[in-house]
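K.L.:
Sending over a structure as structure tokens; questions will come in a sec.
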Amino acid sequence: MRKLSYAQAINEGLKQMMREDKSVFLIGQGVTSPWYVGTTTVGLLDEFGDERVIDTPVSENGITGAAVGAALAGMRPIVTHPRMDFMYYAMDQIANHAANWYYMFGGKINVPLTIRGIINRGGEQAAQHSQALQAIFTHIPGLKVVMPSTPYDAKGLLISSVQDDNPVLYIDDRWLYELKGDVPEEIYTVPIGRGVVREAGKDVTILATSYMAYEATKAAARLKKEGIDAEVIDIRSLKPLDEALIFESVRKTGKLVIADAAWKTCGMAAEVSALVSENIFECLKAPIKRVCLPDTPAPASSVLEEVYFPKDKDIILAVKSII
Amino acid sequence: MRKLSYAQAINEGLKQMMREDKSVFLIGQGVTSPWYVGTTTVGLLDEFGDERVIDTPVSENGITGAAVGAALAGMRPIVTHPRMDFMYYAMDQIANHAANWYYMFGGKINVPLTIRGIINRGGEQAAQHSQALQAIFTHIPGLKVVMPSTPYDAKGLLISSVQDDNPVLYIDDRWLYELKGDVPEEIYTVPIGRGVVREAGKDVTILATSYMAYEATKAAARLKKEGIDAEVIDIRSLKPLDEALIFESVRKTGKLVIADAAWKTCGMAAEVSALVSENIFECLKAPIKRVCLPDTPAPASSVLEEVYFPKDKDIILAVKSII
Amino acid sequence: MKQCSNPITMELVKGIPTTVLWKIYMTMLKIRMVEEKIADLITRKEIICPCHLYIGQEAVATGVCTALENNDYVFSTHRSHGHYIAKGGSIKLMMAELYGRVTGCSRGRGGSMHITSPLVGLPGSSAIVAGTIPLAVGTALAFSIKKNGGVSVAFFGDGATDEGVFYESLNFAALKKLPIIFICENNLYSTHMHISARQLNGNIYKKAQIFKMPGIQIDGNNVLEVFQAASEAIEDARNGKGPTLLECMTYRWRGHVGPNWDIDKGLRSKEEVEWWVDNCPLKRLEEFLLKENILSESKKKQISKQVNEEIEEAIEFAKESPFPDKSEVLNDVFKS
Amino acid sequence: MKQCSNPITMELVKGIPTTVLWKIYMTMLKIRMVEEKIADLITRKEIICPCHLYIGQEAVATGVCTALENNDYVFSTHRSHGHYIAKGGSIKLMMAELYGRVTGCSRGRGGSMHITSPLVGLPGSSAIVAGTIPLAVGTALAFSIKKNGGVSVAFFGDGATDEGVFYESLNFAALKKLPIIFICENNLYSTHMHISARQLNGNIYKKAQIFKMPGIQIDGNNVLEVFQAASEAIEDARNGKGPTLLECMTYRWRGHVGPNWDIDKGLRSKEEVEWWVDNCPLKRLEEFLLKENILSESKKKQISKQVNEEIEEAIEFAKESPFPDKSEVLNDVFKS
Ligand SMILES: Cc1ncc(C[n+]2csc(CCOP(=O)(O)OP(=O)(O)O)c2C)c(N)n1
Ligand SMILES: Cc1ncc(C[n+]2csc(CCOP(=O)(O)OP(=O)(O)O)c2C)c(N)n1
Ligand SMILES: [Mg+2]
Ligand SMILES: [Mg+2]
């Protein structure tokens with residue numbers, strides 16, 4: 001099959017959705033810039049014009065609210081935040097408005113909105129330019145949250161997000177942008193709420209989010225050489241969560257390591273751990289381990305970044321501690 | 001000893017800290033209002049004047065930032081948010097600025113700030129006027145988070161928060177305001193980072209936050225009548241967390257129910273559960289249960305509120321499911 | 001500040017059909033009577049959810065919404081009843097909502113601060129100050145992309161202009177020449193705080209200038225002045241001339257929330273309240289219509305009776321409606 | 001827009017001692033030379049962290065900070081080097097920070113966007129657009145409560161005036177008459193976007209009016225004009241007359257981030273860049289000082305040599321400094 005990079009896959013997904021459906025439009029900082037959001041929006045302005053590819057002043061809350069309002073009027077906006085760090089400014093519109101609307105109004109009016117938050121870290125960008133905030137959005141009811149880790153999923157989940165009738169937080173990671181993989185040319189969807197087994201195994205389950213799925217696969221390959229047979233689950237959707245897939249795997253392996261490159265405390269890894277010990281405690285044969293960021297802001301110096309961001313070797317250590 | 005209500009205890013704590021230390025001042029919406037923050041600020045304007053008791057326009061982000069800035073200039077501000085729901089507007093200043101500052105600048109300059117967030121729910125106030133956001137703030141590195149459940153702790157933890165050299169999120173709950181209890185007249189502190197055993201027991205540990213500690217104590221009394229001996233931990237500080245106390249109790253009981261009246265997914269209950277199964281898995285004799293809000297926004301109708309907010313009976317059910 | 005007690009003049013009714021004037025009168029009366037009734041129901045603890053009454057401000061919602069089409073969108077606030085009624089929302093469904101019943105416009109999940117009527121162009125109201133301002137901008141953006149001629153309206157209070165998102169919204173709307181009207185109902189207070197304790201320069205309409213947007217201050221207690229000013233702004237918006245900020249000077253008679261009058265708490269004076277009660281927007285219109293023989297005593301009675309019946313019916317409907325089933329608490333988090 | 005190429009006149013130097021003029025010149029030269037050096041070090045991959053260069057804007061930081069006392073506070077942005085140097089921060093500690101060393105002013109944890117020097121009154125800089133504006137307001141509030149005569153300064157770009165918190169901050173500062181100066185460095189761009197694509201009414205200084213605050217637009221490339229305007233605003237602030245918004249028209253020569261010139265990407269024209277390079281703030285001052293014999297050729301050389309030595313020493317210091325120990329990653333989350 002044809003190979004595309006992760007960034008190209010997003011770009012194609014955006015393009016095809018905008019061609020397919022006149023109600024889809026793109027709004028946010030940098031969507032017309034040649035560098036601001038990687039190359040993910042290249043060519044869109046030329047094809048669709050500035051009425052549907054709307055670059056904006058830095059007014060995160062106002063612009064996010066405008067996207068929500070447009071969704072209420074029947075559009076399917078994709079509002080883009082070039083870094084998750086900037087989304088704190090837009091929290092009120094995301095949490096108090098987009099997330100609550102459908103429930104609060106008794107299901108009378110919904111918000112078909114894609115909120116794209118980009119994780120952009122490393123390169124000594126430090127504490128305010130490195131954050132991965134999936135846990136916060138997964139905590140808030142009313143938001144779906146997806147985190148693709150492959151080009152195939154990047155396109156498929158983007159299309160599902162745009163077609164979904166609810167606010168979906170689509171989180172992509174610039175560390176994955178150059179990754180290449182099979183991507184069908186046609187429009188296809190990857191279902192929101194379904195994880196996928198990337199490597200089958202029987203000794204231990206490694207559940208990973210986004211970029212960490214890539215590290216987990218590397219870890220599994222190295223573990224295999226040492227005779228440890230790890231199953232890698234790329235969970236893809238944080239909400240709704242594919243509990244069945246998780247439980248099935250842990251029932252088999254009895255051991256679980258969760259890798260999520262975000263803060264540990266009250267993070268997604270904590271949630272998966274709690275779910276498992278709440279529901280299939282009897283199958284557990286060892287402590288559940290979390291591979292996450294330490295509970296500190298991101299440091300600048302490369303030397304510190306090196307220890308700050310978890311990698312395959314950290315997963316391997318965690319696996320070995322419970323094998 | 002003299003009894004005060006929870007609201008009076010906060011009021012006294014504020015008054016004494018402002019008398020004691022000229023650098024302490026109060027800022028935020030409603031701090032001069034007779035009703036906006038219950039009676040917790042009554043009399044302060046008269047005693048300290050409008051230079052140190054500053055009521056403000058609705059500009060949550062700007063005002064919170066101003067409090068952070070004042071702290072950077074050596075003051076010890078207490079910035080008040082009459083509802084946690086409004087704090088989404090102020091997330092950027094709390095998360096990107098207050099929380100990061102000390103770390104990001106290599107420990108060269110700190111932020112001695114108390115951020116008071118009030119939980120104000122029930123009474124059919126619905127989704128945007130009911131939220132308890134402790135998990136979000138506990139997730140973010142650089143913030144301490146405390147949640148007193150008694151008048152004694154309300155005053156003692158407030159004083160500790162004000163005296164702390166870091167940003168502390170002090171979360172009080174209006175459902176506790178009328179609760180009476182012993183409160184010493186003098187200035188005293190309750191250490192941040194220390195939980196407390198409210199009821200000793202051996203069969204099961206019930207760990208609770210804030211108002212749920214009160215419900216947990218009621219639950220424990222009813223369970224005792226049925227021959228179940230529950231230990232109740234009021235954790236008081238969510239960050240730093242008194243892990244030693246938790247582990248000690250669960251080592252003894254082997255069973256854990258966590259009660260936190262906030263959303264379940266990626267919440268504080270998930271964190272405690274994950275910590276326990278990560279560190280003392282071998283002591284666990286049963287699934288860890290969470291008693292939390294369901295993952296939905298808060299509904300208005302009293303009929304729905306009744307099932308939405310967890311109570312002692314929900315704790316009892318959870319305990320019985322693992323006994 | 002604009003003088004808010006100029007008499008209503010014949011000049012203002014020029015070109016307005018009598019039936020429209022009757023409708024305006026009826027809408028204002030309906031809002032007034034509904035709100036008085038709700039005040040009563042709160043006192044009697046029939047209604048539990050927090051209600052922010054609109055009494056005294058009826059001319060604003062009425063003047064603006066009368067100038068709109070059904071397809072135009074209006075976004076409301078915590079003080080929502082007036083906008084909902086003026087835009088044509090069903091009183092039955094609203095009353096059931098306030099009673100927390102499953103037949104309510106929001107199935108009992110929203111309460112007073114969250115009422116909705118998508119079919120008449122009210123996608124909802126928010127309890128977050130300034131929260132719906134960017135939403136209305138987004139709706140205007142949608143209309144402008146769709147080129148369907150729709151106009152969007154954001155209702156908000158003077159307090160909302162203290163929030164940064166108000167400025168972000170004005171900037172973006174002006175920049176993109178969106179079909180939106182910003183209606184600031186300046187009732188002088190944000191909860192317990194007078195505007196002079198919140199802004200040095202209370203003239204909110206002037207804030208429009210810095211975005212190169214027309215800003216106009218009007219007597220918000222003169223419904224015909226509101227109607228005329230809104231009509232012009234709406235026409236401009238519909239014709240691609242961009243947004244307008246209308247500052248409507250008005251006053252809420254009751255306290256910030258609930259039925260109390262909120263005097264004697266040191267927050268506002270009896271004299272101030274009395275001045276505004278004297279300057280009642282409903283009375284001013286009624287007296288004018290009667291004087292000019294646009295409204296007869298018998299027509300007046302007929303309207304009043306009709307409104308009264310509608311309200312009684314709504315209350316009956318609400319009281320007879322079932323509460324939501326407990327299982328409803330988990331429904332509608334996501335649309336499937 | 002204000003004309004930004006008026007010649008520097010003798011009138012502007014009236015009352016300014018020669019030593020101060022030399023200091024101004026030296027500060028601008030230092031900023032320029034440091035930034036040129038950093039551009040070079042980035043190209044050579046010695047410096048990794050993202051740097052937003054200040055070349056072309058030197059007159060603003062220099063003019064303002066020269067008018068301040070050591071105890072006054074200044075808050076900076078992602079484009080931080082100029083403010084840090086002008087306020088008296090140590091180049092050594094800054095350079096070590098850019099090199100990610102533990103000897104850096106932020107122990108290597110902050111990088112270019114987070115440099116600090118509390119002792120000279122720079123509590124820090126933020127990478128969040130508009131993030132430090134309310135912080136500066138808070139510092140001014142602290143000064144006003146302490147009544148210590150301090151003045152606070154918020155430096156920010158034109159892009160920051162798109163954020164709502166900018167307005168909230170101006171409103172509160174004006175309301176409370178706080179001792180703060182808002183310095184908007186209008187370099188016409190926010191990343192890739194020209195101001196005309198972001199605001200209909202580009203005159204940022206006029207935004208002050210709606211808060212009853214003086215707003216002044218000045219030639220930000222004329223350091224003496226900046227110095228005089230800042231001095232007046234600072235005096236007013238110190239004397240309890242409240243805040244001022246100064247809009248300083250200027251230009252960044254390089255691209256938004258890093259050393260590139262950012263031409264030929266369709267974002268700005270070569271002509272535009274050349275016009276501003278011709279209008280170099282440093283050259284304008286230097287030519288004026290030489291012409292008026294305030295600066296001799298030998299003094300000029302001496303200053304340049306001194307600055308050069310300081311920079312070389314700083315780089316040496318940085319390069320010889322150790323990296324933070326890996327365990328440092330966990331330190332200083334909380335002060336104990
Ligand atoms: C973000 C936020 N902050 C504070 C509040 C509390 N609050 C509710 S209504 C209100 C006053 C708003 O005043 P205004 O906008 O003038 O509307 P009015 O009540 O006068 O109609 C405030 C501060 C809120 N609901 N949302
Ligand atoms: C909240 C936020 N949104 C977006 C960005 C990305 N960003 C970094 S600098 C910048 C431009 C700011 O422009 P301006 O304030 O004029 O400063 P300049 O770069 O021109 O000095 C932007 C948008 C950011 N850092 N923070
Ligand atoms: Mg008001
Ligand atoms: Mg700029």
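Note on naming: chains are A, B, ... as they come in the structure tokens, residues start from 1 per chain, ligands start from 1 in the order shown.
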If we count only C-alpha atoms, what is near Gly65 of chain B at a cut-off of 10 Å, once residues fewer than 4 positions away on the same chain are taken out, given as a ChimeraX atom specification?

P.N.:
/B:59-61,69-71,79,90-94,97-98 /D:131-139,165,169

K.L.:
Would you put the residues from that selection into a file with N, CA, C and O atoms, as an mmCIF file, in the first residue's frame?

P.N.:
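Wrote part-v7.cif, looks like this:
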data_model
loop_
_atom_site.group_PDB
_atom_site.id
_atom_site.type_symbol
_atom_site.label_atom_id
_atom_site.label_comp_id
_atom_site.auth_asym_id
_atom_site.auth_seq_id
_atom_site.Cartn_x
_atom_site.Cartn_y
_atom_site.Cartn_z
ATOM 1 N N SER B 59 -12.889 38.773 36.082
ATOM 2 C CA SER B 59 -11.731 38.689 35.185
ATOM 3 C C SER B 59 -10.824 37.646 35.805
ATOM 4 O O SER B 59 -9.730 37.941 36.271
ATOM 5 N N GLU B 60 -11.279 36.407 35.839
ATOM 6 C CA GLU B 60 -10.599 35.387 36.620
ATOM 7 C C GLU B 60 -9.130 35.231 36.261
ATOM 8 O O GLU B 60 -8.282 35.059 37.130
ATOM 9 N N ASN B 61 -8.835 35.256 34.967
ATOM 10 C CA ASN B 61 -7.445 35.023 34.583
ATOM 11 C C ASN B 61 -6.573 36.214 34.976
ATOM 12 O O ASN B 61 -5.505 36.044 35.555
ATOM 13 N N GLY B 69 1.561 37.583 40.458
ATOM 14 C CA GLY B 69 2.551 38.657 40.350
ATOM 15 C C GLY B 69 2.856 39.300 41.694
ATOM 16 O O GLY B 69 4.001 39.620 42.003
ATOM 17 N N ALA B 70 1.820 39.475 42.497
ATOM 18 C CA ALA B 70 2.034 40.052 43.827
ATOM 19 C C ALA B 70 2.883 39.106 44.673
ATOM 20 O O ALA B 70 3.746 39.546 45.437
ATOM 21 N N ALA B 71 2.641 37.810 44.511
ATOM 22 C CA ALA B 71 3.450 36.835 45.251
ATOM 23 C C ALA B 71 4.910 36.909 44.821
ATOM 24 O O ALA B 71 5.824 36.788 45.644
ATOM 25 N N VAL B 79 -5.999 34.338 46.724
ATOM 26 C CA VAL B 79 -6.935 34.692 45.651
ATOM 27 C C VAL B 79 -8.107 33.717 45.717
ATOM 28 O O VAL B 79 -7.926 32.497 45.809
ATOM 29 N N ALA B 90 -9.102 30.749 34.580
ATOM 30 C CA ALA B 90 -7.813 31.147 35.164
ATOM 31 C C ALA B 90 -6.744 30.078 35.021
ATOM 32 O O ALA B 90 -5.665 30.187 35.589
ATOM 33 N N MET B 91 -7.038 29.050 34.243
ATOM 34 C CA MET B 91 -6.121 27.911 34.156
ATOM 35 C C MET B 91 -4.734 28.308 33.682
ATOM 36 O O MET B 91 -3.730 27.770 34.147
ATOM 37 N N ASP B 92 -4.665 29.219 32.737
ATOM 38 C CA ASP B 92 -3.337 29.560 32.218
ATOM 39 C C ASP B 92 -2.453 30.125 33.322
ATOM 40 O O ASP B 92 -1.298 29.731 33.462
ATOM 41 N N GLN B 93 -2.987 31.033 34.098
ATOM 42 C CA GLN B 93 -2.159 31.617 35.156
ATOM 43 C C GLN B 93 -1.827 30.598 36.242
ATOM 44 O O GLN B 93 -0.739 30.624 36.815
ATOM 45 N N ILE B 94 -2.749 29.708 36.520
ATOM 46 C CA ILE B 94 -2.478 28.711 37.561
ATOM 47 C C ILE B 94 -1.472 27.669 37.065
ATOM 48 O O ILE B 94 -0.471 27.393 37.721
ATOM 49 N N HIS B 97 1.790 29.407 34.796
ATOM 50 C CA HIS B 97 2.607 30.399 35.503
ATOM 51 C C HIS B 97 2.873 30.023 36.957
ATOM 52 O O HIS B 97 3.985 29.661 37.304
ATOM 53 N N ALA B 98 1.864 30.084 37.805
ATOM 54 C CA ALA B 98 2.102 29.813 39.233
ATOM 55 C C ALA B 98 2.802 28.464 39.438
ATOM 56 O O ALA B 98 3.798 28.369 40.167
ATOM 57 N N GLY D 131 1.141 36.273 28.880
ATOM 58 C CA GLY D 131 1.160 35.658 30.206
ATOM 59 C C GLY D 131 1.714 36.533 31.308
ATOM 60 O O GLY D 131 1.286 36.426 32.464
ATOM 61 N N THR D 132 2.664 37.383 30.995
ATOM 62 C CA THR D 132 3.262 38.173 32.075
ATOM 63 C C THR D 132 2.562 39.513 32.298
ATOM 64 O O THR D 132 2.913 40.231 33.231
ATOM 65 N N ILE D 133 1.597 39.844 31.467
ATOM 66 C CA ILE D 133 0.916 41.142 31.662
ATOM 67 C C ILE D 133 0.212 41.179 33.023
ATOM 68 O O ILE D 133 0.433 42.106 33.803
ATOM 69 N N PRO D 134 -0.611 40.182 33.356
ATOM 70 C CA PRO D 134 -1.231 40.251 34.683
ATOM 71 C C PRO D 134 -0.222 40.101 35.819
ATOM 72 O O PRO D 134 -0.452 40.631 36.912
ATOM 73 N N LEU D 135 0.868 39.403 35.569
ATOM 74 C CA LEU D 135 1.889 39.289 36.617
ATOM 75 C C LEU D 135 2.450 40.665 36.966
ATOM 76 O O LEU D 135 2.629 40.997 38.141
ATOM 77 N N ALA D 136 2.716 41.444 35.943
ATOM 78 C CA ALA D 136 3.239 42.795 36.188
ATOM 79 C C ALA D 136 2.203 43.635 36.926
ATOM 80 O O ALA D 136 2.545 44.441 37.804
ATOM 81 N N VAL D 137 0.936 43.443 36.590
ATOM 82 C CA VAL D 137 -0.125 44.149 37.317
ATOM 83 C C VAL D 137 -0.081 43.765 38.793
ATOM 84 O O VAL D 137 -0.205 44.613 39.681
ATOM 85 N N GLY D 138 0.132 42.483 39.046
ATOM 86 C CA GLY D 138 0.173 42.016 40.429
ATOM 87 C C GLY D 138 1.356 42.586 41.191
ATOM 88 O O GLY D 138 1.253 42.927 42.376
ATOM 89 N N THR D 139 2.473 42.696 40.520
ATOM 90 C CA THR D 139 3.635 43.299 41.159
ATOM 91 C C THR D 139 3.353 44.758 41.487
ATOM 92 O O THR D 139 3.676 45.243 42.578
ATOM 93 N N VAL D 165 -6.690 38.535 28.231
ATOM 94 C CA VAL D 165 -6.107 38.878 29.525
ATOM 95 C C VAL D 165 -5.402 40.234 29.476
ATOM 96 O O VAL D 165 -5.250 40.904 30.503
ATOM 97 N N SER D 169 -6.218 42.995 32.311
ATOM 98 C CA SER D 169 -5.102 43.581 33.066
ATOM 99 C C SER D 169 -5.137 45.105 33.011
ATOM 100 O O SER D 169 -4.937 45.776 34.020
#

K.L.:
Could I get the residue neighbourhood of ligand 4 at 12 Å, counting only C-alpha atoms and all ligand atoms, as a ChimeraX atom specification?

P.N.:
/A:57-58 /D:52-54,57,77-79,129-130,155-162,184-196,198,202,204,247-257

K.L.:
Find, counting only C-alpha atoms, the residue in D:Gln302, D:Ser125, D:Gln217, D:Thr9 that gets nearest to chain B.

P.N.:
D:Ser125

K.L.:
Output as a PyMOL selection string all residues of segment 90-310 of chain D that backbone DSSP marks as strand (DSSP E).

P.N.:
chain D and resi 124-125+152-157+180-186+189-190+193-194+215-219+244-249

K.L.:
Take the residues from that selection and put them in a file with N, CA and C atoms, as a compact mmCIF listing (two decimals), in the first residue's frame.

P.N.:
# COMPACT_ATOMS: atom_id res chain seq x y z
N GLY D 124 11.20 37.24 35.90
CA GLY D 124 11.08 36.16 34.94
C GLY D 124 10.42 36.58 33.65
N SER D 125 10.40 35.62 32.72
CA SER D 125 9.78 35.86 31.43
C SER D 125 8.97 34.61 31.10
N SER D 152 6.25 48.89 38.15
CA SER D 152 6.30 47.61 37.47
C SER D 152 6.11 47.84 35.97
N VAL D 153 6.79 47.03 35.18
CA VAL D 153 6.69 47.17 33.72
C VAL D 153 6.35 45.83 33.09
N ALA D 154 5.37 45.85 32.22
CA ALA D 154 5.06 44.67 31.41
C ALA D 154 5.51 44.94 29.99
N PHE D 155 6.47 44.16 29.52
CA PHE D 155 6.82 44.20 28.10
C PHE D 155 6.00 43.13 27.38
N PHE D 156 5.46 43.47 26.25
CA PHE D 156 4.73 42.46 25.48
C PHE D 156 4.64 42.92 24.03
N GLY D 157 4.30 42.00 23.16
CA GLY D 157 4.23 42.32 21.74
C GLY D 157 2.84 42.74 21.30
N ILE D 180 2.14 51.01 37.10
CA ILE D 180 2.62 50.08 36.08
C ILE D 180 2.66 50.76 34.73
N ILE D 181 3.63 50.37 33.92
CA ILE D 181 3.70 50.84 32.54
C ILE D 181 3.54 49.63 31.64
N PHE D 182 2.61 49.73 30.74
CA PHE D 182 2.42 48.68 29.75
C PHE D 182 3.20 49.05 28.50
N ILE D 183 4.22 48.29 28.19
CA ILE D 183 5.04 48.59 27.01
C ILE D 183 4.71 47.60 25.92
N CYS D 184 3.97 48.07 24.93
CA CYS D 184 3.69 47.22 23.79
C CYS D 184 4.73 47.45 22.71
N GLU D 185 5.48 46.41 22.40
CA GLU D 185 6.46 46.52 21.31
C GLU D 185 5.77 46.05 20.04
N ASN D 186 5.24 47.01 19.31
CA ASN D 186 4.52 46.66 18.09
C ASN D 186 5.51 46.49 16.94
N TYR D 189 4.15 42.01 13.72
CA TYR D 189 3.89 40.60 13.47
C TYR D 189 3.66 39.80 14.76
N SER D 190 2.81 38.83 14.62
CA SER D 190 2.66 37.80 15.63
C SER D 190 2.94 36.50 14.86
N MET D 193 1.83 36.24 11.20
CA MET D 193 0.68 37.08 10.84
C MET D 193 0.91 38.56 11.08
N HIS D 194 0.71 39.31 10.02
CA HIS D 194 0.79 40.77 10.13
C HIS D 194 -0.39 41.27 10.96
N GLY D 215 -2.76 56.56 26.59
CA GLY D 215 -2.12 55.66 25.64
C GLY D 215 -1.35 56.49 24.63
N ILE D 216 -0.10 56.14 24.41
CA ILE D 216 0.74 56.96 23.54
C ILE D 216 1.47 56.06 22.55
N GLN D 217 1.49 56.51 21.32
CA GLN D 217 2.25 55.77 20.30
C GLN D 217 3.54 56.52 20.03
N ILE D 218 4.66 55.81 20.09
CA ILE D 218 5.93 56.48 19.84
C ILE D 218 6.79 55.69 18.87
N ASP D 219 7.83 56.40 18.41
CA ASP D 219 8.82 55.77 17.53
C ASP D 219 9.71 54.88 18.39
N THR D 244 0.17 53.80 32.33
CA THR D 244 0.21 54.31 30.96
C THR D 244 0.45 53.14 30.02
N LEU D 245 -0.16 53.23 28.86
CA LEU D 245 0.15 52.26 27.80
C LEU D 245 1.01 52.96 26.76
N LEU D 246 2.22 52.44 26.57
CA LEU D 246 3.12 53.00 25.55
C LEU D 246 3.22 52.02 24.39
N GLU D 247 2.80 52.46 23.23
CA GLU D 247 2.96 51.60 22.06
C GLU D 247 4.21 52.04 21.31
N CYS D 248 5.20 51.16 21.27
CA CYS D 248 6.47 51.50 20.63
C CYS D 248 6.55 50.81 19.28
N MET D 249 6.52 51.58 18.22
CA MET D 249 6.56 51.01 16.87
C MET D 249 7.98 50.57 16.57

K.L.:
Kindly assemble as a Markdown table a list of the chain B residues that lie within 12 Å of ligand 1, each paired with its nearest atom pair and their distance in Å to one decimal, using only C-alpha atoms and all ligand atoms, sorted first by chain and then by ascending residue number.

P.N.:
| residue | atom | partner | partner_atom_place_in_ligand_line | distance |
| --- | --- | --- | --- | --- |
| B:Gly28 | CA | ligand 1 | 4 (C) | 10.2 |
| B:Gln29 | CA | ligand 1 | 23 (C) | 7.4 |
| B:Gly30 | CA | ligand 1 | 23 (C) | 8.4 |
| B:Ser33 | CA | ligand 1 | 23 (C) | 11.3 |
| B:Trp35 | CA | ligand 1 | 6 (C) | 11.9 |
| B:Tyr36 | CA | ligand 1 | 6 (C) | 8.7 |
| B:Val37 | CA | ligand 1 | 6 (C) | 10.9 |
| B:Asp55 | CA | ligand 1 | 23 (C) | 11.1 |
| B:Thr56 | CA | ligand 1 | 23 (C) | 9.6 |
| B:Pro57 | CA | ligand 1 | 23 (C) | 7.8 |
| B:Val58 | CA | ligand 1 | 3 (N) | 5.5 |
| B:Ser59 | CA | ligand 1 | 3 (N) | 7.6 |
| B:Glu60 | CA | ligand 1 | 1 (C) | 7.0 |
| B:Asn61 | CA | ligand 1 | 1 (C) | 9.8 |
| B:Ile63 | CA | ligand 1 | 3 (N) | 11.6 |
| B:Thr80 | CA | ligand 1 | 4 (C) | 11.3 |
| B:His81 | CA | ligand 1 | 4 (C) | 8.4 |
| B:Pro82 | CA | ligand 1 | 4 (C) | 7.6 |
| B:Arg83 | CA | ligand 1 | 4 (C) | 7.8 |
| B:Met84 | CA | ligand 1 | 1 (C) | 9.7 |
| B:Asp85 | CA | ligand 1 | 1 (C) | 7.5 |
| B:Phe86 | CA | ligand 1 | 1 (C) | 4.5 |
| B:Met87 | CA | ligand 1 | 1 (C) | 7.7 |
| B:Tyr88 | CA | ligand 1 | 1 (C) | 8.3 |
| B:Tyr89 | CA | ligand 1 | 1 (C) | 6.9 |
| B:Ala90 | CA | ligand 1 | 1 (C) | 9.4 |
| B:Asn120 | CA | ligand 1 | 6 (C) | 11.6 |
| B:Gln125 | CA | ligand 1 | 25 (N) | 10.8 |
| B:Ala126 | CA | ligand 1 | 25 (N) | 11.9 |
| B:Ala127 | CA | ligand 1 | 25 (N) | 11.7 |
| B:Gln128 | CA | ligand 1 | 25 (N) | 8.2 |
| B:His129 | CA | ligand 1 | 25 (N) | 7.7 |
| B:Ser130 | CA | ligand 1 | 25 (N) | 11.4 |

K.L.:
Could the residues of chain C that have an atom at most 8 Å from chain D be listed as JSON lines, each with its closest atom pair and the distance in Å to one decimal, counting only C-alpha atoms and ordered by chain and ascending residue number?

P.N.:
{"residue": "C:Asp162", "atom": "CA", "partner": "D:Glu168", "partner_atom": "CA", "distance": 6.6}
{"residue": "C:Glu163", "atom": "CA", "partner": "D:Glu168", "partner_atom": "CA", "distance": 6.4}
{"residue": "C:Gly164", "atom": "CA", "partner": "D:Gly164", "partner_atom": "CA", "distance": 3.5}
{"residue": "C:Val165", "atom": "CA", "partner": "D:Gly164", "partner_atom": "CA", "distance": 5.2}
{"residue": "C:Phe166", "atom": "CA", "partner": "D:Gly164", "partner_atom": "CA", "distance": 7.4}
{"residue": "C:Tyr167", "atom": "CA", "partner": "D:Gly164", "partner_atom": "CA", "distance": 5.9}
{"residue": "C:Glu168", "atom": "CA", "partner": "D:Gly164", "partner_atom": "CA", "distance": 5.5}
{"residue": "C:Asn171", "atom": "CA", "partner": "D:Gln199", "partner_atom": "CA", "distance": 6.5}
{"residue": "C:Phe172", "atom": "CA", "partner": "D:Gln199", "partner_atom": "CA", "distance": 7.8}
{"residue": "C:Ala174", "atom": "CA", "partner": "D:Leu200", "partner_atom": "CA", "distance": 6.9}
{"residue": "C:Leu175", "atom": "CA", "partner": "D:Leu200", "partner_atom": "CA", "distance": 5.3}
{"residue": "C:Ala197", "atom": "CA", "partner": "D:Leu175", "partner_atom": "CA", "distance": 7.9}
{"residue": "C:Arg198", "atom": "CA", "partner": "D:Leu175", "partner_atom": "CA", "distance": 7.0}
{"residue": "C:Gln199", "atom": "CA", "partner": "D:Leu175", "partner_atom": "CA", "distance": 6.0}
{"residue": "C:Leu200", "atom": "CA", "partner": "D:Leu175", "partner_atom": "CA", "distance": 5.3}
{"residue": "C:Asn201", "atom": "CA", "partner": "D:Phe211", "partner_atom": "CA", "distance": 5.6}
{"residue": "C:Lys206", "atom": "CA", "partner": "D:Ile210", "partner_atom": "CA", "distance": 6.7}
{"residue": "C:Lys207", "atom": "CA", "partner": "D:Ile210", "partner_atom": "CA", "distance": 5.8}
{"residue": "C:Ile210", "atom": "CA", "partner": "D:Lys207", "partner_atom": "CA", "distance": 5.8}
{"residue": "C:Phe211", "atom": "CA", "partner": "D:Asn201", "partner_atom": "CA", "distance": 5.6}
{"residue": "C:Lys212", "atom": "CA", "partner": "D:Asn201", "partner_atom": "CA", "distance": 5.8}
